[in-house]
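Below: the structure, in structure tokens.
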Amino acid sequence: MNLNEIITNVTLTKACSIKADKDSTESKQVNLKVKFDGALLSAVFDKAVAGAVIQWQNGPGRKGYDDWKANQTIEIQFTSPGAKTQIDPEQAMIAKLKDMTPEMQLAYLTDLAKKVAPPVPEPEPEEDEETEEDKETEEDETEDEKE
């Protein structure tokens with residue numbers, strides 16, 4: 001691939017929203033058609049790589065600073081923003097639970113269930129049904145009659 005090649009007949013469309021100013025609450029959705037005609041292929045790649053470079057500098061680059069040597073060449077893999085690995089939520093939950101003791105699993109799942117399940121109301125006794133309180137009152141009255 002020749003990075004000094006001039007691009008011809010390439011247009012990409014990207015949807016975006018725009019506001020009149022940064023404090024505005026009203027926005028509009030528009031479609032931008034970006035024409036690359038006349039641009040050098042290297043200029044497009046430079047722009048695409050700029051975000052990856054900044055991300056590396058602020059992440060792995062900074063963490064491994066003491067290990068890097070001046071003028072060292074470090075290879076990284078470019079990934080498009082939409083190419084992030086999708087994680088199956090069920091598999092993530094299984095992995096999380098595997099790292100816990102059975103007691104921790106039970107406590108975590110019980111707490112989780114409380115967050116998603118609506119509270120179960122206590123059933124109210126029907127009118128013809130005796131409550132525990134009624135039964136106790138009857139027992140007290142029966143004992144009083146025996147005396």
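Ordering of the structure tokens sets the chain letters (A, B, ...); residue numbers start at 1 within each chain; ligands are numbered from 1 in the order shown.
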Checklist entry - Out of stretch 52-98 of chain A, which residues get helix (DSSP H, G or I) from DSSP, as a ChimeraX atom specification? => result /A:52-63,65-67,81-83,89-98
Restricting the output to C-alpha atoms, write the selected residues as a PDB file, in the first residue's frame.
ATOM      1  CA  ALA A  52      -4.793   5.150  19.525  1.00  0.00           C
ATOM      2  CA  VAL A  53      -1.492   6.860  20.388  1.00  0.00           C
ATOM      3  CA  ILE A  54      -3.076   9.048  23.073  1.00  0.00           C
ATOM      4  CA  GLN A  55      -4.921   6.064  24.522  1.00  0.00           C
ATOM      5  CA  TRP A  56      -1.669   4.061  24.680  1.00  0.00           C
ATOM      6  CA  GLN A  57       0.280   6.974  26.224  1.00  0.00           C
ATOM      7  CA  ASN A  58      -2.317   7.427  28.991  1.00  0.00           C
ATOM      8  CA  GLY A  59      -2.721   3.686  29.648  1.00  0.00           C
ATOM      9  CA  PRO A  60      -0.094   0.983  29.056  1.00  0.00           C
ATOM     10  CA  GLY A  61       2.600   3.500  28.085  1.00  0.00           C
ATOM     11  CA  ARG A  62       2.450   5.356  31.373  1.00  0.00           C
ATOM     12  CA  LYS A  63       2.149   2.149  33.417  1.00  0.00           C
ATOM     13  CA  TYR A  65       7.259   3.914  31.695  1.00  0.00           C
ATOM     14  CA  ASP A  66      10.190   2.552  33.676  1.00  0.00           C
ATOM     15  CA  ASP A  67      10.508  -0.420  31.294  1.00  0.00           C
ATOM     16  CA  PRO A  81     -13.990   1.899  18.282  1.00  0.00           C
ATOM     17  CA  GLY A  82     -16.928  -0.334  17.322  1.00  0.00           C
ATOM     18  CA  ALA A  83     -14.830  -3.503  17.449  1.00  0.00           C
ATOM     19  CA  PRO A  89     -23.551 -10.956  30.770  1.00  0.00           C
ATOM     20  CA  GLU A  90     -24.353 -14.513  31.869  1.00  0.00           C
ATOM     21  CA  GLN A  91     -20.748 -15.636  31.353  1.00  0.00           C
ATOM     22  CA  ALA A  92     -19.512 -12.546  33.214  1.00  0.00           C
ATOM     23  CA  MET A  93     -21.798 -13.393  36.151  1.00  0.00           C
ATOM     24  CA  ILE A  94     -20.610 -17.006  36.190  1.00  0.00           C
ATOM     25  CA  ALA A  95     -16.984 -15.864  36.219  1.00  0.00           C
ATOM     26  CA  LYS A  96     -17.712 -13.430  39.055  1.00  0.00           C
ATOM     27  CA  LEU A  97     -19.463 -16.106  41.123  1.00  0.00           C
ATOM     28  CA  LYS A  98     -16.639 -18.628  40.569  1.00  0.00           C
TER      29      LYS A  98
END
Next on the checklist: Let's see if you can do this: from backbone DSSP, list all strand (DSSP E or B) residues in chain A, as a list in words.
Outcome noted: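 So the strand (DSSP E or B) residues in chain A would be Ile6, Thr11, Leu12, Thr13, Lys14, Ala15, Cys16, Ser17, Ile18, Lys19, Ser27, Lys28, Gln29, Val30, Asn31, Leu32, Lys33, Val34, Lys35 and Leu40 of chain A.
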Dump as an mmCIF file, in the first residue's frame, selection limited to C-alpha atoms:
data_model
loop_
_atom_site.group_PDB
_atom_site.id
_atom_site.type_symbol
_atom_site.label_atom_id
_atom_site.label_comp_id
_atom_site.auth_asym_id
_atom_site.auth_seq_id
_atom_site.Cartn_x
_atom_site.Cartn_y
_atom_site.Cartn_z
ATOM 1 C CA ILE A 6 -4.034 10.582 -3.281
ATOM 2 C CA THR A 11 -17.064 9.804 0.760
ATOM 3 C CA LEU A 12 -18.112 8.592 4.203
ATOM 4 C CA THR A 13 -21.346 9.599 5.942
ATOM 5 C CA LYS A 14 -21.567 9.967 9.721
ATOM 6 C CA ALA A 15 -24.615 10.952 11.790
ATOM 7 C CA CYS A 16 -24.073 13.456 14.585
ATOM 8 C CA SER A 17 -26.031 15.827 16.787
ATOM 9 C CA ILE A 18 -25.394 19.540 17.048
ATOM 10 C CA LYS A 19 -26.470 22.288 19.468
ATOM 11 C CA SER A 27 -30.186 19.668 19.552
ATOM 12 C CA LYS A 28 -30.577 18.500 15.963
ATOM 13 C CA GLN A 29 -29.466 15.279 14.308
ATOM 14 C CA VAL A 30 -27.595 15.836 11.020
ATOM 15 C CA ASN A 31 -25.690 13.622 8.586
ATOM 16 C CA LEU A 32 -22.208 14.731 7.552
ATOM 17 C CA LYS A 33 -20.809 13.530 4.238
ATOM 18 C CA VAL A 34 -17.024 13.684 4.560
ATOM 19 C CA LYS A 35 -15.253 13.755 1.180
ATOM 20 C CA LEU A 40 -3.187 11.693 1.097
#
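We find atom CA of A:Thr8 and atom CA of A:Phe45 to be spaced 15.4 Å apart.
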Item to check | Interatomic distance (Å, one decimal) between atom CA of A:Phe78 and atom CA of A:Val49 | outcome: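 It comes out at 7.6 Å.
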